[in-house]
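J.: Contents are mmCIF, C-alpha atoms; file name protein38.cif:
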data_target
loop_
_atom_site.label_atom_id
_atom_site.label_comp_id
_atom_site.auth_asym_id
_atom_site.auth_seq_id
_atom_site.Cartn_x
_atom_site.Cartn_y
_atom_site.Cartn_z
CA MET D 1 0.00 0.00 0.00
CA SER D 2 1.53 3.32 -1.09
CA ALA D 3 1.89 6.17 1.33
CA LEU D 4 -0.73 8.87 1.15
CA PRO D 5 0.42 12.02 -0.65
CA HIS D 6 1.17 15.01 1.54
CA PRO D 7 1.98 18.65 0.90
CA GLN D 8 5.61 19.40 0.07
CA PRO D 9 7.41 22.59 1.14
CA ARG D 10 9.11 24.75 -1.44
CA PRO D 11 12.55 23.63 -2.62
CA GLY D 12 15.28 24.51 -0.17
CA VAL D 13 13.22 24.35 3.01
CA LEU D 14 14.13 20.74 3.83
CA ASP D 15 17.80 21.57 3.25
CA ILE D 16 17.71 23.88 6.27
CA ASP D 17 19.33 22.64 9.47
CA PRO D 18 16.87 23.67 12.21
CA TYR D 19 18.14 26.26 14.66
CA VAL D 20 19.11 24.59 17.94
CA PRO D 21 18.75 26.92 20.95
CA GLY D 22 20.72 26.61 24.15
CA LYS D 23 19.36 24.57 27.04
CA SER D 24 17.00 26.41 29.41
CA THR D 25 17.33 23.95 32.29
CA ALA D 26 20.13 22.02 33.97
CA PRO D 27 20.10 19.46 36.81
CA GLY D 28 20.54 21.12 40.18
CA ALA D 29 20.37 24.67 38.83
CA ALA D 30 17.60 26.96 39.99
CA ARG D 31 18.16 29.24 37.02
CA VAL D 32 20.15 28.88 33.84
CA PHE D 33 21.70 31.71 31.82
CA LYS D 34 22.21 30.55 28.24
CA LEU D 35 25.68 31.75 27.28
CA SER D 36 25.04 30.27 23.83
CA SER D 37 22.37 32.95 23.51
CA ASN D 38 24.31 35.60 25.41
CA GLU D 39 21.56 36.02 27.97
CA THR D 40 22.71 38.63 30.45
CA PRO D 41 22.74 37.60 34.13
CA LEU D 42 22.61 41.31 35.01
CA GLY D 43 19.03 41.76 33.80
CA PRO D 44 17.35 44.80 32.24
CA SER D 45 17.21 48.32 33.58
CA PRO D 46 14.79 48.75 36.52
CA GLN D 47 13.19 51.54 34.46
CA ALA D 48 12.45 49.10 31.63
CA ILE D 49 10.93 46.63 34.10
CA ALA D 50 8.72 49.38 35.57
CA ALA D 51 7.59 50.46 32.10
CA TYR D 52 6.66 46.86 31.22
CA GLN D 53 4.78 46.29 34.47
CA ALA D 54 2.84 49.50 33.95
CA ILE D 55 1.04 48.02 30.93
CA ALA D 56 0.50 44.52 32.34
CA ASP D 57 -3.24 45.15 32.74
CA ARG D 58 -3.69 45.78 28.99
CA LEU D 59 -2.65 42.43 27.54
CA GLU D 60 -5.95 42.19 25.65
CA ASP D 61 -4.90 45.03 23.34
CA TYR D 62 -3.20 44.33 20.05
CA PRO D 63 0.24 45.95 19.82
CA ASP D 64 0.87 49.03 17.74
CA GLY D 65 2.05 47.34 14.54
CA ALA D 66 3.99 50.40 13.47
CA ALA D 67 5.71 50.65 16.89
CA SER D 68 5.24 54.41 16.56
CA ASP D 69 6.30 55.44 20.07
CA LEU D 70 9.27 53.08 20.05
CA ARG D 71 10.49 54.31 16.66
CA GLU D 72 10.19 57.91 17.82
CA ALA D 73 12.14 57.13 21.00
CA ILE D 74 14.87 55.35 19.02
CA GLY D 75 14.97 58.31 16.66
CA ARG D 76 15.53 60.70 19.55
CA ALA D 77 18.16 58.50 21.16
CA PHE D 78 20.22 58.09 17.99
CA GLY D 79 19.32 61.24 16.08
CA LEU D 80 17.50 59.32 13.33
CA ASP D 81 14.36 59.88 11.26
CA PRO D 82 11.69 57.55 12.75
CA ALA D 83 10.21 57.11 9.26
CA ARG D 84 13.38 55.22 8.32
CA ILE D 85 13.14 52.82 11.27
CA VAL D 86 11.35 49.45 11.26
CA CYS D 87 10.80 47.45 14.45
CA GLY D 88 10.46 43.68 14.55
CA ALA D 89 10.38 40.65 16.83
CA GLY D 90 14.12 40.72 17.43
CA SER D 91 16.66 41.55 14.76
CA ASP D 92 16.39 38.02 13.35
CA ASP D 93 12.78 38.80 12.38
CA LEU D 94 14.06 41.76 10.37
CA LEU D 95 16.76 39.62 8.74
CA ASN D 96 14.06 37.21 7.56
CA LEU D 97 11.92 40.09 6.29
CA LEU D 98 14.85 41.43 4.27
CA ALA D 99 15.39 37.99 2.75
CA ARG D 100 11.70 37.69 1.86
CA ALA D 101 11.67 41.14 0.30
CA TYR D 102 14.84 40.83 -1.80
CA LEU D 103 15.53 37.14 -2.50
CA ARG D 104 13.84 34.70 -4.84
CA ASP D 105 14.58 31.34 -6.45
CA GLY D 106 18.05 31.30 -7.97
CA ASP D 107 19.36 34.37 -6.11
CA GLU D 108 22.35 34.28 -3.79
CA ALA D 109 23.12 35.81 -0.39
CA ILE D 110 26.63 35.95 1.04
CA HIS D 111 27.68 35.47 4.66
CA THR D 112 30.97 34.49 6.31
CA THR D 113 32.03 31.16 7.78
CA HIS D 114 31.17 31.75 11.44
CA ALA D 115 28.30 34.18 10.96
CA PHE D 116 24.84 34.10 12.54
CA LEU D 117 22.99 30.85 11.73
CA VAL D 118 19.85 32.77 10.77
CA TYR D 119 21.51 34.05 7.56
CA PRO D 120 21.50 30.70 5.69
CA ILE D 121 18.12 29.79 7.19
CA ALA D 122 16.53 33.02 5.94
CA THR D 123 18.23 32.61 2.57
CA ARG D 124 17.19 29.01 1.93
CA GLY D 125 13.65 29.76 3.11
CA THR D 126 13.17 32.01 0.08
CA GLY D 127 14.55 29.51 -2.41
CA ALA D 128 17.84 31.37 -2.71
CA THR D 129 21.33 29.95 -2.18
CA PRO D 130 23.61 30.90 0.73
CA VAL D 131 27.21 31.53 -0.32
CA VAL D 132 29.91 31.28 2.35
CA ALA D 133 32.93 33.60 2.24
CA PRO D 134 35.91 32.30 4.23
CA GLU D 135 37.20 34.36 7.14
CA LYS D 136 40.75 35.36 7.97
CA ASN D 137 41.72 34.79 11.61
CA PHE D 138 38.02 34.32 12.44
CA THR D 139 37.30 37.78 11.00
CA ALA D 140 35.17 38.66 7.99
CA ASP D 141 37.43 39.12 4.94
CA VAL D 142 36.23 41.94 2.67
CA ASP D 143 38.17 40.64 -0.33
CA ALA D 144 36.77 37.14 0.10
CA ILE D 145 33.23 38.50 0.23
CA LEU D 146 33.71 40.66 -2.86
CA SER D 147 35.25 37.76 -4.79
CA ARG D 148 32.04 35.78 -4.31
CA VAL D 149 29.69 38.44 -5.68
CA THR D 150 28.00 37.30 -8.90
CA ALA D 151 25.13 38.47 -11.06
CA ARG D 152 22.87 36.45 -8.74
CA THR D 153 23.98 38.14 -5.50
CA LYS D 154 21.20 40.20 -3.91
CA LEU D 155 22.13 40.35 -0.21
CA VAL D 156 25.36 40.44 1.78
CA PHE D 157 25.02 39.75 5.52
CA LEU D 158 27.79 41.12 7.73
CA ALA D 159 27.64 40.51 11.48
CA ASN D 160 29.74 43.30 12.91
CA PRO D 161 30.88 42.63 15.54
CA ASN D 162 30.57 38.94 14.78
CA ASN D 163 29.23 36.37 17.18
CA PRO D 164 30.52 33.89 18.36
CA THR D 165 34.05 34.83 17.23
CA GLY D 166 34.05 38.24 18.96
CA THR D 167 35.82 39.89 16.03
CA TYR D 168 34.87 43.01 14.08
CA VAL D 169 35.57 44.76 10.78
CA PRO D 170 36.87 48.35 11.05
CA PHE D 171 34.62 50.95 9.51
CA ASP D 172 37.03 51.85 6.71
CA GLN D 173 36.88 48.21 5.60
CA VAL D 174 33.08 48.19 5.81
CA LYS D 175 33.05 51.23 3.54
CA ARG D 176 35.43 49.46 1.16
CA LEU D 177 33.08 46.47 1.09
CA HIS D 178 30.15 48.72 0.28
CA ALA D 179 32.07 50.55 -2.44
CA GLY D 180 32.86 47.22 -4.11
CA LEU D 181 29.24 46.00 -4.22
CA PRO D 182 26.89 46.62 -7.15
CA GLY D 183 24.08 49.05 -6.34
CA ARG D 184 21.51 46.25 -6.70
CA VAL D 185 23.01 44.36 -3.72
CA VAL D 186 21.72 45.14 -0.22
CA LEU D 187 24.44 45.25 2.43
CA VAL D 188 22.95 44.16 5.77
CA LEU D 189 25.00 45.38 8.74
CA ASP D 190 23.94 43.23 11.68
CA ALA D 191 25.07 45.26 14.69
CA ALA D 192 23.34 43.27 17.44
CA TYR D 193 26.45 43.58 19.62
CA ALA D 194 27.43 47.14 18.72
CA GLU D 195 27.07 48.36 22.31
CA TYR D 196 29.90 46.06 23.40
CA VAL D 197 32.49 47.67 21.11
CA SER D 198 34.51 50.67 22.27
CA ARG D 199 37.25 50.70 19.62
CA ASN D 200 37.74 54.01 17.81
CA ASP D 201 37.78 52.42 14.34
CA TYR D 202 34.36 50.78 14.77
CA GLU D 203 31.02 52.15 13.60
CA ALA D 204 27.68 50.35 13.76
CA GLY D 205 26.66 51.67 10.35
CA ILE D 206 24.40 54.67 10.90
CA GLU D 207 26.59 56.97 8.81
CA LEU D 208 26.78 54.52 5.90
CA VAL D 209 23.02 53.95 5.91
CA ALA D 210 22.38 57.69 5.97
CA THR D 211 24.51 58.25 2.86
CA SER D 212 23.59 55.15 0.82
CA ASN D 213 20.53 53.63 -0.79
CA ASN D 214 21.50 49.96 -0.45
CA VAL D 215 22.66 49.60 3.17
CA VAL D 216 20.61 48.71 6.25
CA MET D 217 21.65 48.37 9.90
CA CYS D 218 19.92 45.97 12.29
CA ARG D 219 20.04 46.32 16.09
CA THR D 220 18.44 44.51 19.03
CA PHE D 221 17.27 45.13 22.59
CA SER D 222 17.96 41.49 23.50
CA LYS D 223 21.64 41.69 24.39
CA ILE D 224 23.13 44.49 26.46
CA TYR D 225 19.66 45.88 27.28
CA GLY D 226 18.54 42.50 28.67
CA LEU D 227 15.10 42.48 27.01
CA ALA D 228 15.38 39.18 25.11
CA ALA D 229 11.98 37.92 26.31
CA LEU D 230 10.21 40.84 24.65
CA ARG D 231 11.64 40.08 21.18
CA LEU D 232 12.38 43.66 20.14
CA GLY D 233 14.72 44.61 17.33
CA TRP D 234 14.97 47.52 14.94
CA MET D 235 16.34 48.36 11.52
CA TYR D 236 17.49 51.68 10.07
CA GLY D 237 17.46 51.86 6.30
CA PRO D 238 16.84 53.85 3.13
CA PRO D 239 13.19 54.86 2.52
CA GLU D 240 12.78 52.41 -0.38
CA ILE D 241 13.98 49.41 1.62
CA VAL D 242 11.96 50.44 4.66
CA ASP D 243 8.88 50.68 2.45
CA ALA D 244 9.46 47.19 1.02
CA VAL D 245 9.93 45.62 4.47
CA ASN D 246 6.87 47.38 5.88
CA ARG D 247 4.71 45.90 3.11
CA ILE D 248 5.36 42.35 4.31
CA ARG D 249 5.72 43.03 8.03
CA GLY D 250 2.92 41.92 10.36
CA LEU D 251 2.12 42.71 14.01
CA SER D 252 5.49 41.38 15.01
CA THR D 253 6.45 43.57 17.95
CA SER D 254 5.17 43.39 21.51
CA THR D 255 4.98 47.16 21.93
CA ARG D 256 1.90 49.17 22.75
CA ARG D 257 1.34 52.85 22.31
CA ARG D 258 2.29 54.79 25.44
CA TRP D 259 4.93 52.19 26.31
CA ARG D 260 8.28 53.72 25.39
CA PRO D 261 10.97 51.22 26.36
CA ALA D 262 13.72 52.98 24.38
CA SER D 263 13.25 56.14 26.41
CA ARG D 264 13.53 54.13 29.66
CA LEU D 265 16.39 51.87 28.69
CA SER D 266 19.82 51.91 30.22
CA PRO D 267 21.42 55.35 30.29
CA THR D 268 25.01 55.72 29.07
CA PRO D 269 26.68 55.11 32.49
CA ARG D 270 24.80 51.81 32.88
CA ILE D 271 25.72 50.73 29.34
CA SER D 272 29.37 51.38 30.13
CA THR D 273 29.11 49.26 33.28
CA LEU D 274 27.38 46.43 31.44
CA ARG D 275 29.94 46.52 28.63
CA ALA D 276 32.78 46.25 31.14
CA SER D 277 31.25 43.37 33.07
CA THR D 278 29.71 41.24 30.31
CA THR D 279 31.25 38.64 28.00
CA GLY D 280 29.52 36.01 25.88
CA THR D 281 29.45 33.60 22.97
CA GLY D 282 26.56 32.98 20.46
CA SER D 283 22.78 33.54 19.67
CA PRO D 284 19.62 35.02 18.17
CA GLY D 285 19.13 38.77 18.05
#
Please express what this file holds, its structure, as structure tokens.

T.:
Amino acid sequence: MSALPHPQPRPGVLDIDPYVPGKSTAPGAARVFKLSSNETPLGPSPQAIAAYQAIADRLEDYPDGAASDLREAIGRAFGLDPARIVCGAGSDDLLNLLARAYLRDGDEAIHTTHAFLVYPIATRGTGATPVVAPEKNFTADVDAILSRVTARTKLVFLANPNNPTGTYVPFDQVKRLHAGLPGRVVLVLDAAYAEYVSRNDYEAGIELVATSNNVVMCRTFSKIYGLAALRLGWMYGPPEIVDAVNRIRGLSTSTRRRWRPASRLSPTPRISTLRASTTGTGSPG
């Protein structure tokens, strides 16, 4: 007797290795901090906790899909136009949205050897092919990335700083990478760990996004801000890319109007303390 037919996913989906999260429990441990996900044992700012508790009696309300208050608060904090900011359920949500918006069957997206596992997952999920550029001393190699650009390349993912290697690409090299890419290729600067870098030659990407039409920067509140459970990330990009992502974005954030977590997040002195006391390894944004 032949097996009954069943629906088949699109080509490429079954080639994806499922993401394996870190363990949340351990024998004899009252609480586990997943270093594989860089969960902070220091917790979020007390101000962020108070802001979250203040809206606990309104869980029946749908979130503000546009995350208007949050985008405005981020804009004030970083000096950015809120209209060029998109919020999502963690930065990995935004990475998937970018892949959906700009990749199709036969396209290619480049990432480096030890980059975030979501990059190939998002790529294969659209029917496109992930292309791996080798690293040099566990650091993204600009020349290796550029040598793998073809007529099919549509996205280049650069985790900067990279996780889990803890390395980064200086800003002059990021600009060289961008200058070497065709204008049709979107350069995705994944700066989930930007707050941990204090080197003078590092930039998260705001300047490059502001002066280009094919660069986006993704950030997260999950890491140094300690808000991983809320799944909040944001992207800053050119108006055309922001428009494309907004057209396929759903109610993906957990924010409500009148809750402004960005305006109550860790002030600069606290960020400096957290940066000095925190180390980690690997995870979702």

J.: What would the list of residues within 9 Å of (17.2, 32.1, 7.8) (file frame) look like as a PyMOL selection string, if only C-alpha atoms are what count?

T.: chain D and resi 16+92+95-96+99+117-126

J.: Could you list, as a VMD selection string, every residue within 7 Å of region 165-170 of chain D, counting all atoms listed in the file and ignoring same-chain residues fewer than 2 positions away?

T.: chain D and resid 138 to 140 160 to 163 172 to 174 201 to 202

J.: Quick one: residues within 10 Å of Arg184 (chain D), only C-alpha atoms, excluding same-chain residues fewer than 4 positions away - as a PDB file with C-alpha atoms, in the coordinates of the input?

T.:
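Done, and the output landed in part-v4.pdb:
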ATOM      1  CA  TYR D 102      14.840  40.830  -1.800  1.00  0.00           C
ATOM      2  CA  ALA D 151      25.130  38.470 -11.060  1.00  0.00           C
ATOM      3  CA  THR D 153      23.980  38.140  -5.500  1.00  0.00           C
ATOM      4  CA  LYS D 154      21.200  40.200  -3.910  1.00  0.00           C
ATOM      5  CA  LEU D 155      22.130  40.350  -0.210  1.00  0.00           C
ATOM      6  CA  ASN D 213      20.530  53.630  -0.790  1.00  0.00           C
ATOM      7  CA  ASN D 214      21.500  49.960  -0.450  1.00  0.00           C
TER       8      ASN D 214
END

J.: Record the distance separating CA of Leu94 (chain D) and CA of Ala77 (chain D), expressed in Å with one decimal.

T.: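 Between CA of Leu94 (chain D) and CA of Ala77 (chain D) the gap works out to 20.3 Å.
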
J.: Considering only C-alpha atoms, state which residue in the set D:Leu59, D:Ile110, D:Ala73, D:Val32 is at the smallest distance from Ala144 (chain D).

T.: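 Nearest candidate to Ala144 (chain D) out of D:Leu59, D:Ile110, D:Ala73, D:Val32: D:Ile110.
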
J.: Measuring atom to atom with all atoms listed in the file, identify which of D:Leu227, D:Pro134, D:Leu232, D:Cys218 is nearest to Leu42 (chain D).

T.: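 Ranked by minimum distance to Leu42 (chain D), first place goes to D:Leu227.
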
J.: Skip Ala229 (chain D) itself and residues of its chain fewer than 2 positions away, then list as an mmCIF file with C-alpha atoms, keeping the file's coordinate frame all residues within 12 Å of it, counting all atoms listed in the file.

T.:
data_model
loop_
_atom_site.group_PDB
_atom_site.id
_atom_site.type_symbol
_atom_site.label_atom_id
_atom_site.label_comp_id
_atom_site.auth_asym_id
_atom_site.auth_seq_id
_atom_site.Cartn_x
_atom_site.Cartn_y
_atom_site.Cartn_z
ATOM 1 C CA SER D 37 22.370 32.950 23.510
ATOM 2 C CA GLU D 39 21.560 36.020 27.970
ATOM 3 C CA THR D 40 22.710 38.630 30.450
ATOM 4 C CA GLY D 43 19.030 41.760 33.800
ATOM 5 C CA PRO D 44 17.350 44.800 32.240
ATOM 6 C CA ILE D 49 10.930 46.630 34.100
ATOM 7 C CA TYR D 52 6.660 46.860 31.220
ATOM 8 C CA ALA D 89 10.380 40.650 16.830
ATOM 9 C CA GLY D 90 14.120 40.720 17.430
ATOM 10 C CA THR D 220 18.440 44.510 19.030
ATOM 11 C CA PHE D 221 17.270 45.130 22.590
ATOM 12 C CA SER D 222 17.960 41.490 23.500
ATOM 13 C CA LYS D 223 21.640 41.690 24.390
ATOM 14 C CA TYR D 225 19.660 45.880 27.280
ATOM 15 C CA GLY D 226 18.540 42.500 28.670
ATOM 16 C CA LEU D 227 15.100 42.480 27.010
ATOM 17 C CA ARG D 231 11.640 40.080 21.180
ATOM 18 C CA LEU D 232 12.380 43.660 20.140
ATOM 19 C CA GLY D 233 14.720 44.610 17.330
ATOM 20 C CA THR D 253 6.450 43.570 17.950
ATOM 21 C CA SER D 254 5.170 43.390 21.510
ATOM 22 C CA PRO D 284 19.620 35.020 18.170
ATOM 23 C CA GLY D 285 19.130 38.770 18.050
#

J.: Return the single residue from D:Leu187, D:Ala48, D:Leu97, D:Ile74 that is closest to Ser212 (chain D), with distances computed using all atoms listed in the file.

T.: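 Distance minimum relative to Ser212 (chain D) lands on D:Leu187.
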
J.: So how many Å separate CA of Glu135 (chain D) and CA of Ala179 (chain D), to one decimal?

T.: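 So the answer is 19.5 Å.
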